[in-house]
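Asks: So I've got this file, query25.txt, and it contains compact mmCIF, C-alpha atoms and all ligand atoms:
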# COMPACT_ATOMS: atom_id res chain seq x y z
CA MET A 1 0.00 0.00 0.00
CA ALA A 2 2.81 2.38 0.90
CA THR A 3 4.05 2.26 -2.68
CA ASP A 4 0.67 2.89 -4.36
CA PRO A 5 0.98 6.38 -5.92
CA GLY A 6 -2.75 6.50 -6.61
CA ARG A 7 -3.63 6.76 -2.93
CA ILE A 8 -1.98 10.20 -2.63
CA GLU A 9 -4.02 11.61 -5.51
CA GLU A 10 -7.21 9.95 -4.31
CA LEU A 11 -7.01 11.35 -0.77
CA LEU A 12 -5.91 14.80 -1.96
CA ALA A 13 -8.74 14.98 -4.50
CA GLY A 14 -11.19 13.99 -1.76
CA LEU A 15 -10.01 16.87 0.41
CA VAL A 16 -10.04 19.42 -2.45
CA ARG A 17 -13.70 18.57 -3.20
CA ILE A 18 -14.67 19.66 0.31
CA GLU A 19 -15.07 23.43 0.52
CA SER A 20 -13.26 24.70 3.64
CA VAL A 21 -12.88 28.43 3.02
CA THR A 22 -11.96 30.31 6.17
CA PRO A 23 -14.88 32.48 7.29
CA TRP A 24 -12.36 34.98 8.66
CA LEU A 25 -11.66 36.03 5.05
CA ILE A 26 -14.96 35.14 3.38
CA PRO A 27 -17.92 35.42 5.78
CA ASP A 28 -19.96 32.73 4.02
CA GLY A 29 -16.99 30.34 3.78
CA ALA A 30 -17.91 26.86 4.97
CA GLY A 31 -15.14 26.57 7.56
CA GLU A 32 -13.25 23.38 8.38
CA ALA A 33 -15.84 21.10 10.04
CA ARG A 34 -16.44 18.89 7.00
CA ILE A 35 -12.71 18.34 6.45
CA ALA A 36 -12.39 17.28 10.09
CA ALA A 37 -15.35 14.90 9.76
CA PHE A 38 -13.91 13.45 6.55
CA ALA A 39 -10.56 12.85 8.26
CA VAL A 40 -12.21 11.26 11.31
CA ASP A 41 -13.99 8.85 8.99
CA TRP A 42 -10.84 8.15 6.99
CA LEU A 43 -8.85 7.40 10.17
CA ARG A 44 -11.53 5.28 11.88
CA ASP A 45 -9.92 1.91 11.14
CA LEU A 46 -6.60 2.93 12.70
CA PRO A 47 -5.47 2.57 16.34
CA VAL A 48 -5.32 6.33 16.85
CA GLU A 49 -7.03 8.61 19.38
CA LEU A 50 -9.17 11.21 17.65
CA THR A 51 -10.16 14.53 19.15
CA LEU A 52 -12.06 17.45 17.68
CA ASP A 53 -11.05 20.65 19.46
CA GLU A 54 -13.78 23.21 18.83
CA VAL A 55 -11.68 26.35 18.33
CA ALA A 56 -14.65 28.45 17.25
CA PRO A 57 -18.26 27.38 16.59
CA GLY A 58 -18.23 24.86 13.73
CA ARG A 59 -14.45 25.15 13.35
CA PRO A 60 -12.64 22.18 14.90
CA ASN A 61 -8.97 21.30 14.86
CA LEU A 62 -8.69 17.59 14.15
CA ILE A 63 -6.14 15.97 16.45
CA ALA A 64 -5.09 12.37 15.79
CA ARG A 65 -2.64 10.76 18.23
CA LEU A 66 -0.74 7.57 17.49
CA ARG A 67 0.38 6.59 20.96
CA GLY A 68 3.90 5.25 21.35
CA SER A 69 5.09 2.65 23.81
CA GLY A 70 6.36 5.37 26.14
CA GLY A 71 9.58 7.14 26.97
CA GLY A 72 9.87 8.96 23.65
CA PRO A 73 9.14 12.53 22.60
CA THR A 74 5.89 13.77 21.04
CA LEU A 75 6.18 15.00 17.46
CA CYS A 76 3.44 17.07 15.86
CA LEU A 77 2.71 17.31 12.14
CA ASN A 78 0.70 20.51 11.63
CA ALA A 79 -1.09 21.19 8.33
CA HIS A 80 -3.96 23.65 7.96
CA SER A 81 -7.37 22.57 6.72
CA ASP A 82 -8.74 25.94 5.60
CA THR A 83 -8.30 27.69 2.24
CA VAL A 84 -8.74 31.18 0.84
CA GLY A 85 -11.79 32.01 -1.30
CA TYR A 86 -12.26 31.07 -4.95
CA ALA A 87 -14.40 33.82 -6.52
CA ASN A 88 -12.08 34.00 -9.54
CA TRP A 89 -12.56 30.33 -10.51
CA ARG A 90 -15.86 29.48 -8.96
CA GLU A 91 -16.79 26.89 -11.62
CA THR A 92 -13.78 24.60 -11.27
CA ALA A 93 -11.98 25.29 -7.98
CA LEU A 94 -13.62 22.40 -6.13
CA MET A 95 -13.25 19.94 -9.03
CA PRO A 96 -9.69 18.56 -8.83
CA VAL A 97 -8.16 17.65 -12.19
CA ARG A 98 -4.91 15.99 -13.16
CA ASP A 99 -2.56 18.00 -15.41
CA GLY A 100 0.54 15.94 -16.17
CA ASP A 101 2.09 15.16 -12.81
CA ARG A 102 0.21 17.99 -11.14
CA LEU A 103 -3.10 18.06 -9.36
CA VAL A 104 -5.03 21.32 -9.88
CA GLY A 105 -7.69 22.58 -7.47
CA LEU A 106 -8.43 24.96 -4.61
CA GLY A 107 -6.01 24.23 -1.78
CA ALA A 108 -4.35 21.46 -3.81
CA ALA A 109 -1.01 22.80 -2.61
CA ASP A 110 -1.91 25.18 0.21
CA ASP A 111 -2.46 23.22 2.29
CA LYS A 112 -4.43 20.10 1.44
CA SER A 113 -1.36 18.46 -0.09
CA CYS A 114 0.15 18.72 3.37
CA CYS A 115 -3.00 17.45 5.13
CA THR A 116 -2.74 14.46 2.77
CA ILE A 117 0.92 13.88 3.62
CA ALA A 118 0.27 14.10 7.36
CA LEU A 119 -2.67 11.67 7.21
CA LEU A 120 -0.84 9.14 5.01
CA ALA A 121 2.32 9.30 7.16
CA LEU A 122 0.13 8.59 10.19
CA ARG A 123 -1.55 5.67 8.43
CA ASP A 124 1.76 4.17 7.34
CA LEU A 125 3.30 4.44 10.82
CA ALA A 126 0.14 3.06 12.45
CA THR A 127 0.04 0.01 10.19
CA GLU A 128 3.76 -0.74 9.89
CA GLY A 129 3.76 -2.85 13.01
CA SER A 130 6.91 -1.47 14.61
CA ARG A 131 5.72 0.41 17.70
CA LEU A 132 7.46 3.74 18.17
CA GLN A 133 8.43 5.03 21.60
CA GLY A 134 7.08 8.56 21.21
CA ASP A 135 3.66 9.83 20.17
CA LEU A 136 2.88 11.11 16.71
CA LEU A 137 0.32 13.91 16.80
CA VAL A 138 -1.30 14.92 13.52
CA ALA A 139 -3.08 18.27 13.72
CA LEU A 140 -5.27 19.57 10.90
CA THR A 141 -5.64 23.12 12.10
CA VAL A 142 -8.21 25.76 11.23
CA ASP A 143 -7.89 29.37 10.15
CA GLU A 144 -4.26 29.62 9.02
CA GLU A 145 -5.44 31.83 6.16
CA GLY A 146 -7.22 33.99 8.73
CA ALA A 147 -5.99 34.79 12.22
CA SER A 148 -4.33 31.42 12.99
CA ILE A 149 -6.68 30.65 15.89
CA GLY A 150 -6.23 26.93 15.09
CA THR A 151 -2.51 26.79 15.83
CA GLU A 152 -2.90 29.15 18.81
CA ASP A 153 -5.39 26.67 20.27
CA LEU A 154 -3.21 23.67 19.38
CA VAL A 155 -0.16 24.88 21.29
CA ARG A 156 -2.31 25.86 24.30
CA ARG A 157 -3.96 22.46 24.62
CA HIS A 158 -1.42 19.87 23.54
CA PRO A 159 2.08 19.52 24.99
CA MET A 160 4.63 18.41 22.40
CA ASP A 161 8.40 18.25 22.05
CA ALA A 162 8.88 19.13 18.40
CA ALA A 163 6.86 20.01 15.33
CA ILE A 164 6.97 19.94 11.56
CA VAL A 165 4.75 22.59 10.02
CA LEU A 166 3.74 21.42 6.57
CA GLU A 167 3.28 24.11 3.92
CA PRO A 168 4.07 23.99 0.18
CA GLU A 169 7.74 24.70 -0.47
CA HIS A 170 10.07 22.24 -2.22
CA ALA A 171 10.84 18.62 -1.43
CA GLY A 172 14.59 19.23 -1.00
CA GLU A 173 14.29 22.24 1.30
CA VAL A 174 13.61 22.93 4.95
CA ILE A 175 12.49 26.32 6.22
CA VAL A 176 14.36 27.25 9.39
CA GLU A 177 13.42 30.91 9.57
CA HIS A 178 11.15 33.53 8.03
CA GLN A 179 10.12 37.15 8.41
CA GLY A 180 7.52 38.45 10.79
CA PHE A 181 5.29 41.35 9.87
CA GLY A 182 3.16 44.17 11.18
CA TRP A 183 0.05 45.94 9.94
CA ILE A 184 0.43 49.53 10.98
CA ASP A 185 -1.59 52.74 10.70
CA VAL A 186 0.54 55.86 10.33
CA VAL A 187 -1.53 58.89 11.34
CA VAL A 188 -0.57 62.46 10.46
CA TYR A 189 -2.42 65.45 11.91
CA GLY A 190 -3.17 68.84 10.39
CA ARG A 191 -5.61 71.57 11.37
CA PRO A 192 -8.98 71.93 9.65
CA ALA A 193 -9.80 75.36 8.22
CA HIS A 194 -11.82 76.96 5.46
CA GLY A 195 -10.00 76.63 2.14
CA SER A 196 -9.77 80.39 1.81
CA ASN A 197 -8.00 80.71 5.15
CA PRO A 198 -4.52 79.26 4.57
CA GLU A 199 -3.06 80.98 7.64
CA ALA A 200 -5.32 78.88 9.87
CA GLY A 201 -5.16 75.56 8.03
CA ILE A 202 -2.51 72.83 8.30
CA ASP A 203 -2.62 70.38 5.41
CA ALA A 204 -2.30 66.85 6.83
CA ILE A 205 -2.11 65.27 3.37
CA VAL A 206 0.87 67.39 2.28
CA ARG A 207 2.66 66.32 5.45
CA MET A 208 1.70 62.70 4.86
CA ALA A 209 3.27 62.96 1.41
CA GLU A 210 6.62 63.71 3.08
CA VAL A 211 6.15 60.71 5.39
CA VAL A 212 5.43 58.43 2.42
CA ARG A 213 8.51 59.78 0.62
CA GLY A 214 10.65 59.12 3.70
CA LEU A 215 9.34 55.56 4.14
CA HIS A 216 9.88 54.81 0.46
CA ARG A 217 13.44 56.17 0.66
CA ARG A 218 14.18 53.86 3.59
CA ASP A 219 12.72 50.93 1.64
CA VAL A 220 15.02 51.65 -1.33
CA GLU A 221 18.16 52.54 0.61
CA VAL A 222 17.93 50.08 3.50
CA TYR A 223 15.52 47.18 2.90
CA GLN A 224 16.07 46.72 -0.85
CA ALA A 225 19.78 47.54 -0.66
CA GLY A 226 20.44 45.12 2.21
CA PRO A 227 18.56 41.87 1.70
CA VAL A 228 19.03 39.41 4.54
CA PRO A 229 20.42 35.92 3.79
CA PHE A 230 17.56 33.38 3.65
CA ASN A 231 14.66 35.83 3.98
CA GLY A 232 15.43 38.46 1.34
CA ARG A 233 14.60 42.12 1.60
CA THR A 234 12.46 43.25 4.48
CA VAL A 235 8.86 43.51 3.36
CA PHE A 236 7.52 47.04 3.01
CA HIS A 237 4.64 48.48 1.03
CA THR A 238 1.87 50.98 1.53
CA SER A 239 -1.59 49.41 1.58
CA THR A 240 -4.33 51.99 2.15
CA ILE A 241 -4.68 55.75 2.49
CA ARG A 242 -7.47 58.04 3.56
CA GLY A 243 -7.77 61.61 4.76
CA GLY A 244 -9.65 64.86 4.54
CA THR A 245 -13.35 65.57 4.62
CA ASP A 246 -14.34 67.66 1.56
CA TYR A 247 -12.98 69.82 -1.26
CA ALA A 248 -13.41 73.08 0.64
CA THR A 249 -11.53 72.23 3.84
CA TYR A 250 -7.90 71.76 4.89
CA PRO A 251 -7.56 68.07 5.84
CA ALA A 252 -7.31 67.59 9.60
CA SER A 253 -5.77 64.15 9.39
CA ALA A 254 -4.52 61.46 7.03
CA VAL A 255 -4.09 57.77 7.76
CA LEU A 256 -1.71 55.49 5.87
CA GLY A 257 -1.96 51.72 6.26
CA ILE A 258 1.27 49.82 5.67
CA GLU A 259 2.58 46.28 5.84
CA ILE A 260 6.12 46.00 7.09
CA GLY A 261 8.37 43.03 7.82
CA THR A 262 10.71 42.06 10.62
CA GLN A 263 13.72 39.80 10.31
CA PRO A 264 14.61 37.16 12.93
CA GLY A 265 16.13 38.97 15.90
CA GLU A 266 14.06 42.09 15.24
CA ARG A 267 10.80 43.24 16.75
CA LEU A 268 8.09 45.40 15.27
CA ALA A 269 9.15 48.07 17.80
CA ASP A 270 12.33 48.42 15.68
CA ARG A 271 10.20 49.31 12.65
CA VAL A 272 8.07 51.70 14.72
CA ARG A 273 11.27 53.48 15.82
CA GLU A 274 12.28 53.84 12.17
CA ILE A 275 8.92 55.37 11.28
CA GLU A 276 9.40 57.81 14.14
CA GLU A 277 12.83 58.68 12.71
CA THR A 278 11.04 59.56 9.48
CA PHE A 279 8.74 61.79 11.52
CA SER A 280 11.85 63.57 12.86
CA GLU A 281 13.07 64.14 9.30
CA VAL A 282 9.68 65.58 8.33
CA ARG A 283 9.87 67.81 11.38
CA ALA A 284 12.90 69.50 9.77
CA ILE A 285 10.49 70.74 7.10
CA PHE A 286 7.43 71.25 9.34
CA PRO A 287 8.59 72.03 12.89
CA ASP A 288 5.08 71.59 14.31
CA PHE A 289 4.58 68.22 12.60
CA ARG A 290 2.39 65.80 14.56
CA GLY A 291 2.04 62.11 13.79
CA GLU A 292 1.55 58.78 15.51
CA VAL A 293 2.06 55.09 14.81
CA ASN A 294 -0.69 52.61 15.65
CA VAL A 295 0.18 48.91 15.45
CA ARG A 296 -2.89 46.94 14.34
CA LEU A 297 -1.33 43.47 14.16
CA GLU A 298 2.10 42.10 15.04
CA ARG A 299 3.37 38.66 14.04
CA GLU A 300 6.82 37.69 15.23
CA PRO A 301 9.46 36.34 12.84
CA PHE A 302 10.38 32.65 12.97
CA ARG A 303 13.79 31.19 13.65
CA ALA A 304 14.02 27.52 14.54
CA ARG A 305 15.66 26.77 17.89
CA GLY A 306 16.27 23.52 19.75
CA HIS A 307 15.47 21.63 16.56
CA ASP A 308 18.87 19.96 16.02
CA SER A 309 17.79 16.36 16.63
CA LEU A 310 14.62 16.76 14.54
CA LEU A 311 16.54 18.37 11.69
CA ALA A 312 19.19 15.63 11.87
CA ALA A 313 16.42 13.02 11.52
CA ALA A 314 14.95 14.96 8.57
CA ASP A 315 18.39 15.12 6.93
CA ARG A 316 18.82 11.36 7.28
CA ALA A 317 15.39 10.88 5.72
CA ALA A 318 16.18 13.25 2.84
CA LEU A 319 19.48 11.51 2.24
CA ALA A 320 17.65 8.18 1.92
CA VAL A 321 14.87 9.57 -0.31
CA LEU A 322 16.62 12.28 -2.37
CA GLY A 323 20.26 11.34 -2.01
CA ARG A 324 21.17 14.59 -0.26
CA PRO A 325 20.45 16.39 3.00
CA LEU A 326 17.89 19.19 3.07
CA GLU A 327 18.84 22.68 1.94
CA ARG A 328 18.22 25.27 4.69
CA VAL A 329 16.10 28.15 3.42
CA GLY A 330 14.05 31.08 4.68
CA LEU A 331 10.94 32.92 3.54
CA ASN A 332 9.83 36.52 3.14
CA ALA A 333 6.34 35.43 4.21
CA TRP A 334 4.81 34.39 7.53
CA THR A 335 3.50 31.00 8.65
CA ASP A 336 2.17 29.25 11.75
CA ALA A 337 5.72 27.94 12.38
CA ALA A 338 6.34 31.23 14.17
CA LEU A 339 3.52 30.51 16.64
CA MET A 340 4.75 26.97 17.28
CA GLN A 341 8.33 28.09 17.94
CA ALA A 342 7.14 31.06 20.04
CA ALA A 343 5.32 28.52 22.25
CA GLY A 344 8.71 26.91 22.94
CA ILE A 345 8.28 24.00 20.51
CA PRO A 346 11.32 23.30 18.30
CA THR A 347 9.87 23.63 14.81
CA ILE A 348 10.90 23.15 11.19
CA GLU A 349 8.82 23.56 8.05
CA MET A 350 8.67 21.49 4.86
CA GLY A 351 6.33 20.84 1.97
CA PRO A 352 5.97 19.84 -1.69
CA ALA A 353 6.30 22.18 -4.68
CA GLY A 354 3.21 23.94 -5.93
CA GLY A 355 2.13 27.15 -7.60
CA ASN A 356 -0.63 29.73 -8.24
CA PHE A 357 -1.18 30.02 -4.50
CA HIS A 358 -4.34 31.92 -3.59
CA ALA A 359 -5.14 32.13 -7.32
CA PRO A 360 -6.94 30.20 -10.06
CA GLN A 361 -5.34 26.93 -11.21
CA GLU A 362 -3.52 26.34 -7.94
CA TRP A 363 -1.47 23.17 -8.39
CA VAL A 364 0.78 20.77 -6.51
CA SER A 365 3.41 18.35 -7.76
CA LEU A 366 2.29 14.77 -7.10
CA PRO A 367 5.85 13.34 -7.39
CA GLU A 368 7.04 15.85 -4.78
CA MET A 369 4.15 14.87 -2.54
CA ALA A 370 5.33 11.26 -2.74
CA GLN A 371 8.88 12.31 -1.86
CA LEU A 372 7.69 14.49 1.02
CA LEU A 373 5.48 11.73 2.38
CA GLU A 374 8.45 9.41 2.47
CA ILE A 375 10.70 12.07 4.05
CA VAL A 376 8.09 12.90 6.71
CA ARG A 377 7.37 9.23 7.47
CA ARG A 378 11.06 8.42 7.86
CA THR A 379 11.72 11.56 9.91
CA ALA A 380 8.90 10.70 12.32
CA ALA A 381 9.97 7.05 12.65
CA ASP A 382 13.57 8.10 13.28
CA PHE A 383 12.74 10.90 15.74
CA LEU A 384 10.16 8.88 17.70
CA GLY A 385 12.47 5.86 17.94
ZN ZN B 1 -0.79 27.70 3.81
Mind converting the file's structure to structure tokens?
Ligand SMILES: [Zn+2]
Replies:
Amino acid sequence: MATDPGRIEELLAGLVRIESVTPWLIPDGAGEARIAAFAVDWLRDLPVELTLDEVAPGRPNLIARLRGSGGGPTLCLNAHSDTVGYANWRETALMPVRDGDRLVGLGAADDKSCCTIALLALRDLATEGSRLQGDLLVALTVDEEGASIGTEDLVRRHPMDAAIVLEPEHAGEVIVEHQGFGWIDVVVYGRPAHGSNPEAGIDAIVRMAEVVRGLHRRDVEVYQAGPVPFNGRTVFHTSTIRGGTDYATYPASAVLGIEIGTQPGERLADRVREIEETFSEVRAIFPDFRGEVNVRLEREPFRARGHDSLLAAADRAALAVLGRPLERVGLNAWTDAALMQAAGIPTIEMGPAGGNFHAPQEWVSLPEMAQLLEIVRRTAADFLG
């Protein structure tokens, strides 16, 4: 059974057909309950302990525990069961199709390929006969495409010693760090006045223009000019802008929404300080400049720690499957690995190649899924003894 390539495609296609759009993004998204129920049914013949942790109404994390004989560590495989919406390919998103050695469909790569790998690795280890010492914990978590309440709940409820977060990447690579990010409102104040009374008015939008210029200059001269090994240039872009009330009045305030990254070892407070330095520069032009920085969301960067023995097991697995150890890489994006590691759980991240993420014709490589399944199965067997 372990060598039957058809079983990967069959299980993945089954998961893609089930709509599990996160309601955090799309209010009428179905949520993850049907995926959890499908997995419970699929796992029913195995000697595993199944739990549905209701994270939010109708949104359960599925937890499947293969209990070891004792004395070993607990390893978690975490893949998320939700997807983004599919308004741009409504007709076909939920109908998986084969295209060469790819499977195309909503969530085919992100992250149902990884749910498939976690479930099949669990099945293989449960039916192999050789009892492991440690526990294998498979978690299909909700809401990764939203606010990550699934992984937050997982690390609160379930003690574990190490974790592999499964997200599409490349079969020969392991992610050991990635950027964090912040969503920030930059507010600049003026003074409202009748348009014909320039002595009384202070134009908040003109002052905001100087702030935007300063932030862009820092992006070009610092972030773009000094990309960080592994994670690339620090993310920065403006996102939204609003200000003023009407044509006839000096604008009293302007608000700029930005997304900005943090590299491992940095905190969002470092970025806030930089924005305040830009304020100081603008103050050289407008001595009575007034602005403030409001952090709306902060997500810490990820850097794996305490993961040496897990990574060594993964390298041995990759050597057996691919003929070489895993290449260490980073990301300029954010994943739930940061939450796992922040909870004190040594974490690494792997996954199969895919493309068109969050877009029509999302695909995953079936051969890479087979390689990843074998790497994950061997890593777990090695690590859990
Ligand atoms: Zn994902």
Asks: Return the single residue from A:Thr83, A:Thr238, A:Asn197, A:Gln224 that is closest to ligand ZN 1 (chain B), with distances computed using only C-alpha atoms and all ligand atoms.
Replies: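 Ranked by minimum distance to ligand ZN 1 (chain B), first place goes to A:Thr83.
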Asks: For atom CA of Gly265 of chain A and atom CA of Ala225 of chain A, quote the distance in Å rounded to one decimal.
Replies: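 Answer for the atom CA of Gly265 of chain A to atom CA of Ala225 of chain A separation: 19.0 Å.
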Asks: Skipping near chain neighbours, those fewer than 3 positions away, what residues fall within 9 Å of Ala79 of chain A using only C-alpha atoms, listed as a PyMOL selection string?
Replies: chain A and resi 111-118+138-142+164-167
Asks: Would you work out the distance separating atom CA of Gly58 of chain A from atom CA of Leu106 of chain A, expressed in Å to one decimal?
Replies: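 A separation of 20.8 Å between them.
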Asks: Name the residues in contact with Ala93 of chain A at a cut-off of 10 Å, using all atoms listed in the file, excluding same-chain residues fewer than 4 positions from it; report them as number ranges by chain.
Replies: A: 16-17, 19, 85-89, 97, 104-108, 359-362
Asks: Which residue gives the smallest distance to ligand ZN 1 (chain B) among A:Ala380, A:Ala109, A:Ala252, A:Ala370, with only C-alpha atoms and all ligand atoms counted?
Replies: A:Ala109
Asks: Could you check which of A:Leu331, A:Ala121, A:Ala317, A:Ala13 is closest to Trp363 of chain A, using all atoms listed in the file?
Replies: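 For Trp363 of chain A, the nearest of the given residues is A:Ala13.
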Asks: Just the number, please: distance in Å from atom CA of Gly330 of chain A to atom CA of Pro264 of chain A, one decimal.
Replies: 10.3 Å
Asks: Counting all atoms listed in the file, what is within 8 Å of Arg377 of chain A, bar same-chain residues fewer than 2 positions away, as a list in words?
Replies: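 Close residues of Arg377 of chain A: Ala121, Leu122, Asp124, Leu125, Leu373, Glu374, Ile375, Thr379, Ala380 and Ala381 of chain A.
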Asks: With all atoms listed in the file as the counted atoms, please give the residues lying no more than 9 Å from Gly14 of chain A, apart from itself and same-chain residues fewer than 4 positions off, as a list of chain:residue names.
Replies: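 The neighbour list is A:Glu9, A:Glu10, A:Ile18, A:Phe38, A:Pro96.
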Asks: Which residue gives the smallest distance to Ser130 of chain A among A:Leu94, A:Asp382, A:Ile175, A:Pro352, with only C-alpha atoms counted?
Replies: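 Checking each candidate against Ser130 of chain A, we get A:Asp382 as the closest.
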Asks: A:Pro60, A:Ile345, A:Asp336, A:Asp135: which is nearest ligand ZN 1 (chain B), counting all atoms listed in the file?
Replies: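 Looking only at the distances to ligand ZN 1 (chain B), the closest residue turns out to be A:Asp336.
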Asks: Would you mind telling me which residue in A:Ile285, A:Leu311, A:Met350, A:Leu132 lies nearest to ligand ZN 1 (chain B) when using only C-alpha atoms and all ligand atoms?
Replies: A:Met350
Asks: Set the distance at 10 Å and use only C-alpha atoms: which residues neighbour Asp161 of chain A once local chain neighbours fewer than 5 positions away are removed? I'd like the list as a VMD selection string.
Replies: chain A and resid 72 to 76 134 to 135 306 to 307 310 344 to 347
Asks: Do you know which residues lie at most 12 Å from (7.2, 14.9, -6.9), with coordinates as in the file and only C-alpha atoms counted, and could you write them as a ChimeraX atom specification?
Replies: /A:5,8-9,100-103,113,168-172,321-322,351-354,364-375
